[in-house]
file coords36.pdb (PDB, C-alpha atoms, pLDDT in the B column)
MODEL        1
ATOM      1  CA  MET E   1      71.841 135.378 106.856  1.00 81.00           C
ATOM      2  CA  LYS E   2      71.974 137.860 104.042  1.00 85.00           C
ATOM      3  CA  PRO E   3      69.796 136.873 101.086  1.00 88.00           C
ATOM      4  CA  GLY E   4      71.960 135.741  98.183  1.00 87.00           C
ATOM      5  CA  SER E   5      75.067 135.273 100.343  1.00 90.00           C
ATOM      6  CA  TRP E   6      77.206 132.162 100.240  1.00 89.00           C
ATOM      7  CA  THR E   7      76.150 131.493 103.809  1.00 92.00           C
ATOM      8  CA  GLU E   8      72.518 131.339 102.780  1.00 94.00           C
ATOM      9  CA  THR E   9      73.276 129.229  99.683  1.00 93.00           C
ATOM     10  CA  VAL E  10      75.340 126.715 101.666  1.00 94.00           C
ATOM     11  CA  TYR E  11      72.628 126.500 104.313  1.00 95.00           C
ATOM     12  CA  GLN E  12      69.921 125.856 101.714  1.00 95.00           C
ATOM     13  CA  VAL E  13      71.941 123.022 100.159  1.00 95.00           C
ATOM     14  CA  VAL E  14      72.741 121.392 103.505  1.00 96.00           C
ATOM     15  CA  VAL E  15      69.128 121.618 104.705  1.00 96.00           C
ATOM     16  CA  ALA E  16      67.824 120.234 101.401  1.00 96.00           C
ATOM     17  CA  ALA E  17      70.216 117.266 101.575  1.00 95.00           C
ATOM     18  CA  ASP E  18      68.866 116.321 105.020  1.00 95.00           C
ATOM     19  CA  ARG E  19      71.920 114.108 105.652  1.00 95.00           C
ATOM     20  CA  LEU E  20      75.627 114.428 106.354  1.00 94.00           C
ATOM     21  CA  LEU E  21      77.553 115.555 103.272  1.00 93.00           C
ATOM     22  CA  THR E  22      81.208 115.343 102.408  1.00 87.00           C
ATOM     23  CA  MET E  23      82.781 118.640 101.424  1.00 84.00           C
ATOM     24  CA  ASP E  24      83.114 117.341  97.858  1.00 84.00           C
ATOM     25  CA  GLU E  25      79.385 116.552  97.738  1.00 91.00           C
ATOM     26  CA  LEU E  26      78.596 120.015  99.057  1.00 91.00           C
ATOM     27  CA  LYS E  27      80.947 121.658  96.582  1.00 89.00           C
ATOM     28  CA  ASP E  28      79.378 119.739  93.668  1.00 91.00           C
ATOM     29  CA  ALA E  29      75.870 120.683  94.791  1.00 92.00           C
ATOM     30  CA  LEU E  30      76.850 124.343  95.124  1.00 92.00           C
ATOM     31  CA  ALA E  31      78.450 124.332  91.669  1.00 90.00           C
ATOM     32  CA  LYS E  32      75.087 123.311  90.196  1.00 92.00           C
ATOM     33  CA  ILE E  33      73.417 126.359  91.782  1.00 90.00           C
ATOM     34  CA  ARG E  34      75.936 129.115  91.143  1.00 89.00           C
ATOM     35  CA  LYS E  35      79.487 129.746  89.995  1.00 88.00           C
ATOM     36  CA  LEU E  36      81.891 128.627  92.695  1.00 81.00           C
ATOM     37  CA  GLU E  37      84.102 131.195  94.340  1.00 82.00           C
ATOM     38  CA  LYS E  38      86.467 130.759  97.267  1.00 78.00           C
ATOM     39  CA  ALA E  39      83.930 132.539  99.487  1.00 80.00           C
ATOM     40  CA  TRP E  40      81.692 129.460  99.711  1.00 86.00           C
ATOM     41  CA  ILE E  41      84.001 127.922 102.313  1.00 85.00           C
ATOM     42  CA  SER E  42      83.585 131.042 104.475  1.00 87.00           C
ATOM     43  CA  GLY E  43      79.852 130.419 104.376  1.00 89.00           C
ATOM     44  CA  VAL E  44      80.450 126.914 105.715  1.00 90.00           C
ATOM     45  CA  GLN E  45      82.587 128.246 108.550  1.00 88.00           C
ATOM     46  CA  ARG E  46      80.059 130.952 109.488  1.00 91.00           C
ATOM     47  CA  LEU E  47      77.311 128.350 109.658  1.00 93.00           C
ATOM     48  CA  LYS E  48      79.458 126.041 111.790  1.00 90.00           C
ATOM     49  CA  ASP E  49      80.370 128.921 114.113  1.00 90.00           C
ATOM     50  CA  SER E  50      76.712 129.866 114.529  1.00 94.00           C
ATOM     51  CA  GLY E  51      75.611 126.263 115.103  1.00 94.00           C
ATOM     52  CA  HIS E  52      73.355 126.133 112.034  1.00 96.00           C
ATOM     53  CA  ILE E  53      75.429 123.264 110.681  1.00 95.00           C
ATOM     54  CA  VAL E  54      77.655 120.771 112.478  1.00 94.00           C
ATOM     55  CA  SER E  55      80.417 118.416 111.462  1.00 88.00           C
ATOM     56  CA  TYR E  56      80.952 114.753 112.155  1.00 88.00           C
ATOM     57  CA  LYS E  57      84.001 112.873 110.906  1.00 83.00           C
ATOM     58  CA  TRP E  58      84.698 115.344 108.097  1.00 78.00           C
ATOM     59  CA  ARG E  59      81.096 115.565 106.976  1.00 88.00           C
ATOM     60  CA  ILE E  60      78.653 118.371 107.577  1.00 92.00           C
ATOM     61  CA  GLY E  61      74.927 118.601 108.041  1.00 95.00           C
ATOM     62  CA  THR E  62      72.256 120.117 110.203  1.00 96.00           C
ATOM     63  CA  PRO E  63      72.161 119.236 113.909  1.00 96.00           C
ATOM     64  CA  PRO E  64      68.963 117.143 113.399  1.00 97.00           C
ATOM     65  CA  ALA E  65      70.591 115.243 110.498  1.00 96.00           C
ATOM     66  CA  ARG E  66      73.636 114.417 112.631  1.00 94.00           C
ATOM     67  CA  LYS E  67      71.428 113.404 115.579  1.00 96.00           C
ATOM     68  CA  ARG E  68      69.316 111.154 113.346  1.00 96.00           C
ATOM     69  CA  PHE E  69      72.448 109.569 111.862  1.00 95.00           C
ATOM     70  CA  LEU E  70      73.963 108.891 115.296  1.00 94.00           C
ATOM     71  CA  GLU E  71      70.670 107.352 116.455  1.00 96.00           C
ATOM     72  CA  ASP E  72      70.654 105.112 113.358  1.00 95.00           C
ATOM     73  CA  VAL E  73      74.213 104.014 114.151  1.00 93.00           C
ATOM     74  CA  ALA E  74      73.311 103.324 117.793  1.00 95.00           C
ATOM     75  CA  ASN E  75      70.267 101.283 116.732  1.00 95.00           C
ATOM     76  CA  GLY E  76      72.203  99.327 114.096  1.00 94.00           C
ATOM     77  CA  ARG E  77      70.351 100.837 111.126  1.00 94.00           C
ATOM     78  CA  ALA E  78      73.514 102.480 109.756  1.00 91.00           C
ATOM     79  CA  ARG E  79      77.243 101.927 109.926  1.00 90.00           C
ATOM     80  CA  ASP E  80      79.368 104.611 111.506  1.00 87.00           C
ATOM     81  CA  LEU E  81      81.474 106.688 109.157  1.00 81.00           C
ATOM     82  CA  GLN E  82      85.186 106.225 109.044  1.00 73.00           C
ATOM     83  CA  ALA E  83      87.169 109.304 109.882  1.00 64.00           C
ATOM     84  CA  GLY E  84      88.772 110.685 106.765  1.00 56.00           C
ATOM     85  CA  ARG E  85      92.408 109.788 106.439  1.00 52.00           C
ATOM     86  CA  TYR E  86      94.530 112.850 106.775  1.00 51.00           C
ATOM     87  CA  ARG E  87      97.721 112.801 104.763  1.00 61.00           C
ATOM     88  CA  SER E  88      99.751 115.838 104.089  1.00 76.00           C
ATOM     89  CA  ARG E  89     103.253 117.076 104.409  1.00 84.00           C
ATOM     90  CA  TRP E  90     101.945 119.395 107.134  1.00 88.00           C
ATOM     91  CA  GLY E  91     100.498 116.502 109.107  1.00 87.00           C
ATOM     92  CA  ALA E  92     103.650 114.443 108.633  1.00 87.00           C
ATOM     93  CA  ALA E  93     105.879 117.350 109.705  1.00 90.00           C
ATOM     94  CA  ILE E  94     103.771 118.106 112.776  1.00 92.00           C
ATOM     95  CA  CYS E  95     103.694 114.441 113.835  1.00 90.00           C
ATOM     96  CA  ALA E  96     107.470 114.198 113.360  1.00 89.00           C
ATOM     97  CA  LEU E  97     107.982 117.327 115.501  1.00 92.00           C
ATOM     98  CA  LEU E  98     105.753 115.960 118.242  1.00 93.00           C
ATOM     99  CA  LYS E  99     107.467 112.554 118.197  1.00 91.00           C
ATOM    100  CA  ASP E 100     110.909 114.144 118.447  1.00 90.00           C
ATOM    101  CA  SER E 101     110.002 116.618 121.191  1.00 89.00           C
ATOM    102  CA  ASP E 102     110.743 115.953 124.835  1.00 86.00           C
ATOM    103  CA  GLY E 103     107.256 117.058 125.857  1.00 88.00           C
ATOM    104  CA  ASP E 104     103.982 118.379 124.544  1.00 94.00           C
ATOM    105  CA  LEU E 105     104.075 121.394 122.225  1.00 95.00           C
ATOM    106  CA  THR E 106     101.613 124.259 121.801  1.00 95.00           C
ATOM    107  CA  ALA E 107     100.433 125.323 118.355  1.00 94.00           C
ATOM    108  CA  HIS E 108     102.662 128.392 118.654  1.00 94.00           C
ATOM    109  CA  GLU E 109     105.721 126.264 119.416  1.00 94.00           C
ATOM    110  CA  ILE E 110     104.905 123.983 116.483  1.00 94.00           C
ATOM    111  CA  SER E 111     104.554 127.023 114.225  1.00 94.00           C
ATOM    112  CA  LEU E 112     107.916 128.401 115.351  1.00 93.00           C
ATOM    113  CA  GLU E 113     109.608 125.063 114.615  1.00 93.00           C
ATOM    114  CA  LEU E 114     107.977 124.756 111.192  1.00 93.00           C
ATOM    115  CA  ARG E 115     109.109 128.281 110.276  1.00 93.00           C
ATOM    116  CA  LYS E 116     112.701 127.001 110.375  1.00 93.00           C
ATOM    117  CA  ASP E 117     111.949 125.171 107.111  1.00 90.00           C
ATOM    118  CA  PRO E 118     111.783 127.643 104.172  1.00 89.00           C
ATOM    119  CA  VAL E 119     108.897 125.816 102.468  1.00 85.00           C
ATOM    120  CA  PHE E 120     106.725 125.896 105.572  1.00 89.00           C
ATOM    121  CA  ALA E 121     107.871 129.428 106.443  1.00 90.00           C
ATOM    122  CA  ASN E 122     106.725 130.703 103.052  1.00 89.00           C
ATOM    123  CA  LYS E 123     103.282 129.110 103.397  1.00 88.00           C
ATOM    124  CA  LEU E 124     102.916 130.295 107.009  1.00 88.00           C
ATOM    125  CA  SER E 125     103.711 133.853 105.954  1.00 89.00           C
ATOM    126  CA  ARG E 126     100.709 133.662 103.591  1.00 88.00           C
ATOM    127  CA  ASN E 127      98.417 131.627 105.854  1.00 86.00           C
ATOM    128  CA  PRO E 128      99.406 131.678 109.536  1.00 84.00           C
ATOM    129  CA  TYR E 129      96.368 129.529 110.390  1.00 87.00           C
ATOM    130  CA  GLN E 130      97.656 126.500 108.440  1.00 89.00           C
ATOM    131  CA  VAL E 131      99.144 125.003 111.612  1.00 92.00           C
ATOM    132  CA  TYR E 132      95.805 125.259 113.429  1.00 92.00           C
ATOM    133  CA  GLN E 133      93.927 123.749 110.482  1.00 89.00           C
ATOM    134  CA  SER E 134      96.382 120.863 110.287  1.00 90.00           C
ATOM    135  CA  LEU E 135      96.273 120.284 114.040  1.00 92.00           C
ATOM    136  CA  ARG E 136      92.468 120.249 114.007  1.00 90.00           C
ATOM    137  CA  ALA E 137      92.551 117.606 111.256  1.00 86.00           C
ATOM    138  CA  LEU E 138      95.166 115.525 113.083  1.00 88.00           C
ATOM    139  CA  VAL E 139      93.113 115.624 116.290  1.00 89.00           C
ATOM    140  CA  ALA E 140      89.928 114.702 114.406  1.00 83.00           C
ATOM    141  CA  THR E 141      91.622 111.635 112.916  1.00 80.00           C
ATOM    142  CA  ASP E 142      93.127 110.643 116.296  1.00 83.00           C
ATOM    143  CA  ARG E 143      96.725 111.000 115.120  1.00 86.00           C
ATOM    144  CA  VAL E 144      97.332 113.756 117.690  1.00 92.00           C
ATOM    145  CA  LYS E 145      95.830 114.366 121.136  1.00 93.00           C
ATOM    146  CA  LYS E 146      95.126 117.826 122.495  1.00 94.00           C
ATOM    147  CA  ILE E 147      95.750 118.316 126.199  1.00 93.00           C
ATOM    148  CA  GLY E 148      94.740 121.830 127.230  1.00 94.00           C
ATOM    149  CA  LYS E 149      96.635 124.081 124.826  1.00 94.00           C
ATOM    150  CA  ALA E 150      99.326 121.506 124.054  1.00 95.00           C
ATOM    151  CA  TYR E 151      99.515 118.636 121.586  1.00 95.00           C
ATOM    152  CA  ARG E 152     101.153 115.218 121.596  1.00 93.00           C
ATOM    153  CA  VAL E 153     101.231 112.285 119.205  1.00 91.00           C
ATOM    154  CA  ALA E 154      98.444 109.818 119.971  1.00 85.00           C
ATOM    155  CA  SER E 155      99.768 106.526 121.299  1.00 74.00           C
ATOM    156  CA  SER E 156      99.124 103.681 118.899  1.00 49.00           C
TER
ENDMDL
END

call {"tool": "encode", "arguments": {"input": "coords36.pdb", "output": "structure tokens"}}
result
Amino acid sequence: MKPGSWTETVYQVVVAADRLLTMDELKDALAKIRKLEKAWISGVQRLKDSGHIVSYKWRIGTPPARKRFLEDVANGRARDLQAGRYRSRWGAAICALLKDSDGDLTAHEISLELRKDPVFANKLSRNPYQVYQSLRALVATDRVKKIGKAYRVASS
């Protein structure tokens, strides 16, 4: 990590917390240290990609903090976290597409369908990864199941 980078700053905050943090808690802690810029979220992603931090039900922390938390849950010393509810027009649109489809759809197929709507098309032209981000959130909250490269609505 480069000294003074957002990656280093995020890592220092997460290590100092020594527990799982919500993104809002992390953002608030970072704002106390330095002026927030959009780049802080890239630091989070770099740390997740490298394995320095991990996520669990929409919270992040160090691998030892997550392990300790899961052990506490298993031993009855802590209650498990509820998965964050995911509500968005993206999630609703993707779930509707999957419900109406005859079979499973890939992220690419979902993206192509969403591009037929001008509102989604405009956003996808600026951020083509929005579909993947939304799908990841839907899978994490068990609203959608991923089977190989395809997705389907989770059965209730």

call {"tool": "resolve_selection", "arguments": {"input": "coords36.pdb", "expression": "the PyMOL selection byres ((chain E and resi 149) around 12)", "output": "list in words"}}
result
Asp104, Leu105, Thr106, Ala107, His108, Glu109, Ile110, Tyr132, Leu135, Lys145, Lys146, Ile147, Gly148, Ala150, Tyr151 and Arg152 of chain E

call {"tool": "atom_distance", "arguments": {"input": "coords36.pdb", "atom1": "atom CA of Arg19 of chain E", "atom2": "atom CA of Arg66 of chain E"}}
result
7.2 Å

call {"tool": "residues_around", "arguments": {"input": "coords36.pdb", "residues": "Ile33 of chain E", "least_positions_apart": "6", "cutoff": "12 Å", "atoms": "all atoms listed in the file", "output": "list in words"}}
result
Gly4, Trp6, Thr9, Val10, Gln12, Val13, Leu26, Lys27 and Trp40 of chain E

call {"tool": "residues_around", "arguments": {"input": "coords36.pdb", "residues": "Lys57 of chain E", "least_positions_apart": "3", "cutoff": "12 Å", "atoms": "all atoms listed in the file", "output": "PDB file with C-alpha atoms, keeping the file's coordinate frame"}}
result
ATOM      1  CA  LEU E  20      75.627 114.428 106.354  1.00 94.00           C
ATOM      2  CA  LEU E  21      77.553 115.555 103.272  1.00 93.00           C
ATOM      3  CA  THR E  22      81.208 115.343 102.408  1.00 87.00           C
ATOM      4  CA  MET E  23      82.781 118.640 101.424  1.00 84.00           C
ATOM      5  CA  VAL E  54      77.655 120.771 112.478  1.00 94.00           C
ATOM      6  CA  ILE E  60      78.653 118.371 107.577  1.00 92.00           C
ATOM      7  CA  GLY E  61      74.927 118.601 108.041  1.00 95.00           C
ATOM      8  CA  ARG E  66      73.636 114.417 112.631  1.00 94.00           C
ATOM      9  CA  LEU E  70      73.963 108.891 115.296  1.00 94.00           C
ATOM     10  CA  ASP E  80      79.368 104.611 111.506  1.00 87.00           C
ATOM     11  CA  LEU E  81      81.474 106.688 109.157  1.00 81.00           C
ATOM     12  CA  GLN E  82      85.186 106.225 109.044  1.00 73.00           C
ATOM     13  CA  ALA E  83      87.169 109.304 109.882  1.00 64.00           C
ATOM     14  CA  GLY E  84      88.772 110.685 106.765  1.00 56.00           C
ATOM     15  CA  ARG E  85      92.408 109.788 106.439  1.00 52.00           C
ATOM     16  CA  TYR E  86      94.530 112.850 106.775  1.00 51.00           C
ATOM     17  CA  ARG E 136      92.468 120.249 114.007  1.00 90.00           C
ATOM     18  CA  ALA E 137      92.551 117.606 111.256  1.00 86.00           C
ATOM     19  CA  LEU E 138      95.166 115.525 113.083  1.00 88.00           C
ATOM     20  CA  VAL E 139      93.113 115.624 116.290  1.00 89.00           C
ATOM     21  CA  ALA E 140      89.928 114.702 114.406  1.00 83.00           C
ATOM     22  CA  THR E 141      91.622 111.635 112.916  1.00 80.00           C
ATOM     23  CA  ASP E 142      93.127 110.643 116.296  1.00 83.00           C
TER      24      ASP E 142
END

call {"tool": "atom_distance", "arguments": {"input": "coords36.pdb", "atom1": "atom CA of Val44 of chain E", "atom2": "atom CA of Arg126 of chain E"}}
result
21.5 Å

call {"tool": "atom_distance", "arguments": {"input": "coords36.pdb", "atom1": "atom CA of Asp72 of chain E", "atom2": "atom CA of Gln45 of chain E"}}
result
26.5 Å

call {"tool": "residues_near_point", "arguments": {"input": "coords36.pdb", "point": "(77.0, 135.9, 107.4)", "cutoff": "9 Å", "atoms": "all atoms listed in the file", "output": "PyMOL selection string"}}
result
chain E and resi 1-2+5-8+42-43+46-47

call {"tool": "resolve_selection", "arguments": {"input": "coords36.pdb", "expression": "the PyMOL selection byres ((chain E and resi 120) around 10)", "output": "mmCIF file with C-alpha atoms, in the coordinates of the input"}}
result
data_model
loop_
_atom_site.group_PDB
_atom_site.id
_atom_site.type_symbol
_atom_site.label_atom_id
_atom_site.label_comp_id
_atom_site.auth_asym_id
_atom_site.auth_seq_id
_atom_site.Cartn_x
_atom_site.Cartn_y
_atom_site.Cartn_z
ATOM 1 C CA ARG E 89 103.253 117.076 104.409
ATOM 2 C CA TRP E 90 101.945 119.395 107.134
ATOM 3 C CA ALA E 93 105.879 117.350 109.705
ATOM 4 C CA SER E 111 104.554 127.023 114.225
ATOM 5 C CA GLU E 113 109.608 125.063 114.615
ATOM 6 C CA LEU E 114 107.977 124.756 111.192
ATOM 7 C CA ARG E 115 109.109 128.281 110.276
ATOM 8 C CA LYS E 116 112.701 127.001 110.375
ATOM 9 C CA ASP E 117 111.949 125.171 107.111
ATOM 10 C CA PRO E 118 111.783 127.643 104.172
ATOM 11 C CA VAL E 119 108.897 125.816 102.468
ATOM 12 C CA ALA E 121 107.871 129.428 106.443
ATOM 13 C CA ASN E 122 106.725 130.703 103.052
ATOM 14 C CA LYS E 123 103.282 129.110 103.397
ATOM 15 C CA LEU E 124 102.916 130.295 107.009
ATOM 16 C CA SER E 125 103.711 133.853 105.954
ATOM 17 C CA GLN E 130 97.656 126.500 108.440
ATOM 18 C CA VAL E 131 99.144 125.003 111.612
#

call {"tool": "closest_residue", "arguments": {"input": "coords36.pdb", "among": "E:Asp24, E:Val153, E:Lys35, E:Ile53", "to": "Gly103 of chain E", "atoms": "only C-alpha atoms"}}
result
E:Val153

call {"tool": "closest_residue", "arguments": {"input": "coords36.pdb", "among": "E:Gly91, E:Pro128, E:Gly51, E:Pro3", "to": "Pro64 of chain E", "atoms": "all atoms listed in the file"}}
result
E:Gly51

call {"tool": "build_atoms", "arguments": {"input": "coords36.pdb", "residues": "segment 63-78 of chain E", "atoms": "N, CA and C atoms", "output": "compact mmCIF listing (two decimals), keeping the file's coordinate frame"}}
result
# COMPACT_ATOMS: atom_id res chain seq x y z
N PRO E 63 72.16 119.99 112.65
CA PRO E 63 72.16 119.24 113.91
C PRO E 63 71.15 118.08 113.92
N PRO E 64 69.89 118.28 113.41
CA PRO E 64 68.96 117.14 113.40
C PRO E 64 69.44 115.99 112.50
N ALA E 65 70.10 116.30 111.38
CA ALA E 65 70.59 115.24 110.50
C ALA E 65 71.69 114.44 111.20
N ARG E 66 72.58 115.13 111.90
CA ARG E 66 73.64 114.42 112.63
C ARG E 66 73.03 113.57 113.75
N LYS E 67 72.07 114.14 114.48
CA LYS E 67 71.43 113.40 115.58
C LYS E 67 70.74 112.15 115.05
N ARG E 68 70.02 112.29 113.94
CA ARG E 68 69.32 111.15 113.35
C ARG E 68 70.32 110.08 112.90
N PHE E 69 71.43 110.51 112.30
CA PHE E 69 72.45 109.57 111.86
C PHE E 69 73.04 108.81 113.05
N LEU E 70 73.38 109.54 114.11
CA LEU E 70 73.96 108.89 115.30
C LEU E 70 72.98 107.93 115.95
N GLU E 71 71.69 108.27 115.93
CA GLU E 71 70.67 107.35 116.46
C GLU E 71 70.59 106.09 115.59
N ASP E 72 70.67 106.26 114.26
CA ASP E 72 70.65 105.11 113.36
C ASP E 72 71.86 104.20 113.60
N VAL E 73 73.01 104.80 113.85
CA VAL E 73 74.21 104.01 114.15
C VAL E 73 74.02 103.26 115.46
N ALA E 74 73.51 103.95 116.48
CA ALA E 74 73.31 103.32 117.79
C ALA E 74 72.31 102.17 117.72
N ASN E 75 71.30 102.32 116.85
CA ASN E 75 70.27 101.28 116.73
C ASN E 75 70.60 100.23 115.68
N GLY E 76 71.78 100.32 115.08
CA GLY E 76 72.20 99.33 114.10
C GLY E 76 71.60 99.49 112.72
N ARG E 77 70.95 100.60 112.44
CA ARG E 77 70.35 100.84 111.13
C ARG E 77 71.34 101.42 110.13
N ALA E 78 72.48 101.90 110.63
CA ALA E 78 73.51 102.48 109.76
C ALA E 78 74.88 102.15 110.34
